[in-house]
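**Q** Dropping the structure in here first, questions after.
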Amino acid sequence: MAFEKITEQSSNYRHLEAMSIGDLLININKEDNTVPDAVEKAIPQIQKLVEAAADKMVMEEGRLFYIGAGTSGRLGVVDASECPPTYGVPYGLVVAIIAGGEKAITTAVEFAEDDKEQGWKDLEKHNVCDKDVVIGIAASGTTPYVIGALEECRKRGIITGSISCNPDSPVSAAADFPIEVVVGPEFVTGSTRMKSGTAQKLVLNMISTTVMIQLGRVEDNKMVNMQLTNDKLVDRGTKMLMERVKMTDYEKAKQLLLEYGSVKKAADSVR
């Protein structure tokens, strides 16, 4: 039986150009509302991948890699780039690789996703090894750049995962821990930046947040290791510190926070 891309099936809506703006927005939102349910069905798959990744990162000090092309690659870049400021982990612990390189973050690089050899070459530049976990992101599940990278990883004993939006896709076959979030046809036929992209973003949020909690980067429900990179975060950190150590003097708490550089370190200094 031939592999069928549900993500490429015709939209359930016709003549979009004839719809009013209100109807367009309502119908897009109606479709978006189906995404969380599809993600929920994939939680057992997500759990297996997160457990494997957390194991490697906690026990072997491994890294987490995302690799993708186009929208999928960009979503990986967004998630990876947020980990250091949010959780205070070093840059390079969560790494995102996109087909076509940095230029592809803002500009489409023609045919970059079609090179089955380049994905592994790009991973090699980061000295990827069997302590690491590599997650391929591909809405269609057929991106050669991603599939080739995962296949080479498996040959070398590197744990692999995947996030796709078609069942039984080639990228799932190339992964040790495949995640399939089947969201159905897009509102605009084939525009996988929409529901598929939303699903991938939700799954990436779940993976990185849960892994960071396992690494001890969150206490209670607070980002106690966040980087103090702007006034808003300094204010948030100051109030968090005041709450944690029962301090009432805002300026004194702020001074302590800036001296130690994180809520956790500042709080530990007065315990």
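Note on naming: chains are A, B, ... as they come in the structure tokens, residues start from 1 per chain, ligands start from 1 in the order shown.
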List every residue of segment 99-262 of chain A that DSSP, applied to the backbone of this structure, assigns to helix (DSSP H, G or I), and report them as an MDAnalysis selection string.
**A** chainID A and resid 102:105 112:114 118:124 144:155 170:173 195:214 231:245 250:260
**Q** For Ser208 of chain A, find every residue with an atom within 12 Å (counting only C-alpha atoms), except residues of its own chain fewer than 4 positions away, and show them as a PDB file with C-alpha atoms, in the first residue's frame.
**A**
ATOM      1  CA  ILE A  46       5.996  11.675  23.431  1.00  0.00           C
ATOM      2  CA  GLN A  47       6.584  10.141  26.870  1.00  0.00           C
ATOM      3  CA  LEU A  49      10.998   9.933  23.650  1.00  0.00           C
ATOM      4  CA  VAL A  50      11.222  12.306  26.620  1.00  0.00           C
ATOM      5  CA  GLU A  51      12.210   9.467  28.953  1.00  0.00           C
ATOM      6  CA  ALA A  53      16.223  11.985  26.109  1.00  0.00           C
ATOM      7  CA  ALA A  54      16.153  12.824  29.818  1.00  0.00           C
ATOM      8  CA  MET A  57      21.030  14.129  29.329  1.00  0.00           C
ATOM      9  CA  ARG A  63      22.756  16.959  24.265  1.00  0.00           C
ATOM     10  CA  LEU A  64      19.424  17.282  22.510  1.00  0.00           C
ATOM     11  CA  PHE A  65      19.408  17.984  18.778  1.00  0.00           C
ATOM     12  CA  TYR A  66      16.529  19.084  16.567  1.00  0.00           C
ATOM     13  CA  GLY A  76      13.182  23.626  16.204  1.00  0.00           C
ATOM     14  CA  VAL A  78      12.696  28.665  18.217  1.00  0.00           C
ATOM     15  CA  ASP A  79      12.480  25.946  20.849  1.00  0.00           C
ATOM     16  CA  ALA A  80      16.228  25.417  21.164  1.00  0.00           C
ATOM     17  CA  SER A  81      17.004  29.135  21.321  1.00  0.00           C
ATOM     18  CA  GLU A  82      14.607  29.633  24.233  1.00  0.00           C
ATOM     19  CA  CYS A  83      16.189  27.017  26.506  1.00  0.00           C
ATOM     20  CA  PRO A  84      19.243  29.009  27.684  1.00  0.00           C
ATOM     21  CA  THR A  86      14.430  30.356  30.152  1.00  0.00           C
ATOM     22  CA  TYR A  87      16.284  27.670  32.087  1.00  0.00           C
ATOM     23  CA  VAL A  89      21.376  26.035  30.562  1.00  0.00           C
ATOM     24  CA  LEU A  93      22.877  21.806  25.269  1.00  0.00           C
ATOM     25  CA  VAL A  94      19.858  21.996  22.976  1.00  0.00           C
ATOM     26  CA  VAL A  95      20.915  22.460  19.365  1.00  0.00           C
ATOM     27  CA  ILE A 135      14.945  14.484  16.910  1.00  0.00           C
ATOM     28  CA  LYS A 201       5.226  23.547  18.380  1.00  0.00           C
ATOM     29  CA  LEU A 202       3.064  22.029  21.122  1.00  0.00           C
ATOM     30  CA  VAL A 203       5.079  18.804  21.087  1.00  0.00           C
ATOM     31  CA  LEU A 204       8.390  20.672  21.182  1.00  0.00           C
ATOM     32  CA  MET A 212      14.402  20.800  31.638  1.00  0.00           C
ATOM     33  CA  ILE A 213      12.314  19.929  34.687  1.00  0.00           C
ATOM     34  CA  GLN A 214      14.040  16.530  34.815  1.00  0.00           C
ATOM     35  CA  LEU A 215      17.384  18.350  34.697  1.00  0.00           C
ATOM     36  CA  ARG A 217      16.043  23.659  36.049  1.00  0.00           C
TER      37      ARG A 217
END
**Q** Looking at A:Gly22, A:Gly197, A:Gly157, A:Pro185, which one is nearest to Gly70 of chain A, with distances taken over only C-alpha atoms?
**A**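 Answer, going by the shortest atom-to-atom distance: A:Gly197.
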**Q** Under the rule that only C-alpha atoms are counted, which of A:Arg193, A:Lys265, A:Arg154, A:Lys131 is the nearest residue to Ala175 of chain A?
**A** A:Arg154
**Q** What parts of segment 21-70 of chain A does DSSP call strand (DSSP E)? I'd like the answer as a PyMOL selection string.
**A** chain A and resi 64-68
**Q** Any chance you could tabulate, as a tab-separated table, the residues of segment 139-251 of chain A at most 12 Å from segment 258-263 of chain A with each one's nearest atom pair and distance in Å to one decimal, using only C-alpha atoms, in chain and rising number order?
**A**
residue	atom	partner	partner_atom	distance
A:Arg217	CA	A:Val263	CA	11.2
A:Val218	CA	A:Val263	CA	10.7
A:Glu219	CA	A:Val263	CA	10.3
A:Lys222	CA	A:Val263	CA	9.4
A:Met223	CA	A:Val263	CA	8.2
A:Val224	CA	A:Val263	CA	4.9
A:Asn225	CA	A:Ser262	CA	5.5
A:Met226	CA	A:Ser262	CA	6.6
A:Gln227	CA	A:Ser262	CA	6.9
A:Leu228	CA	A:Gly261	CA	7.0
A:Thr229	CA	A:Gly261	CA	10.2
A:Asn230	CA	A:Leu258	CA	11.6
A:Asp231	CA	A:Leu258	CA	11.3
A:Leu233	CA	A:Ser262	CA	10.4
A:Val234	CA	A:Leu258	CA	7.9
A:Asp235	CA	A:Leu258	CA	10.7
A:Arg236	CA	A:Val263	CA	9.6
A:Gly237	CA	A:Val263	CA	6.0
A:Thr238	CA	A:Val263	CA	7.6
A:Lys239	CA	A:Val263	CA	9.5
A:Met240	CA	A:Val263	CA	7.1
A:Leu241	CA	A:Val263	CA	5.7
A:Met242	CA	A:Val263	CA	9.5
A:Glu243	CA	A:Val263	CA	10.5
A:Arg244	CA	A:Val263	CA	8.8
A:Val245	CA	A:Val263	CA	10.2
A:Glu251	CA	A:Leu258	CA	10.6
**Q** Ala69 of chain A: which residues within 12 Å, counting only C-alpha atoms, same-chain residues fewer than 6 positions away excluded, as a ChimeraX atom specification?
**A** /A:75-77,96-116,118-119,136-147,149,193
**Q** Enter the distance from atom CA of Thr189 of chain A to atom CA of Ile6 of chain A, in Å, rounded to one decimal.
**A**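 Atom CA of Thr189 of chain A sits 10.2 Å away from atom CA of Ile6 of chain A.
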**Q** Show which residues sit within 12 Å of Leu25 of chain A, as a ChimeraX atom specification. Count only C-alpha atoms, and ignore same-chain residues fewer than 6 positions away.
**A** /A:16,19,31-32,187
**Q** Choose the residue, out of A:Ser72, A:Ser269, A:Asn221, A:Ser191, that has the smallest atom-to-atom separation from Ser162 of chain A; count only C-alpha atoms.
**A**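 Closest to Ser162 of chain A of all the choices is A:Ser72.
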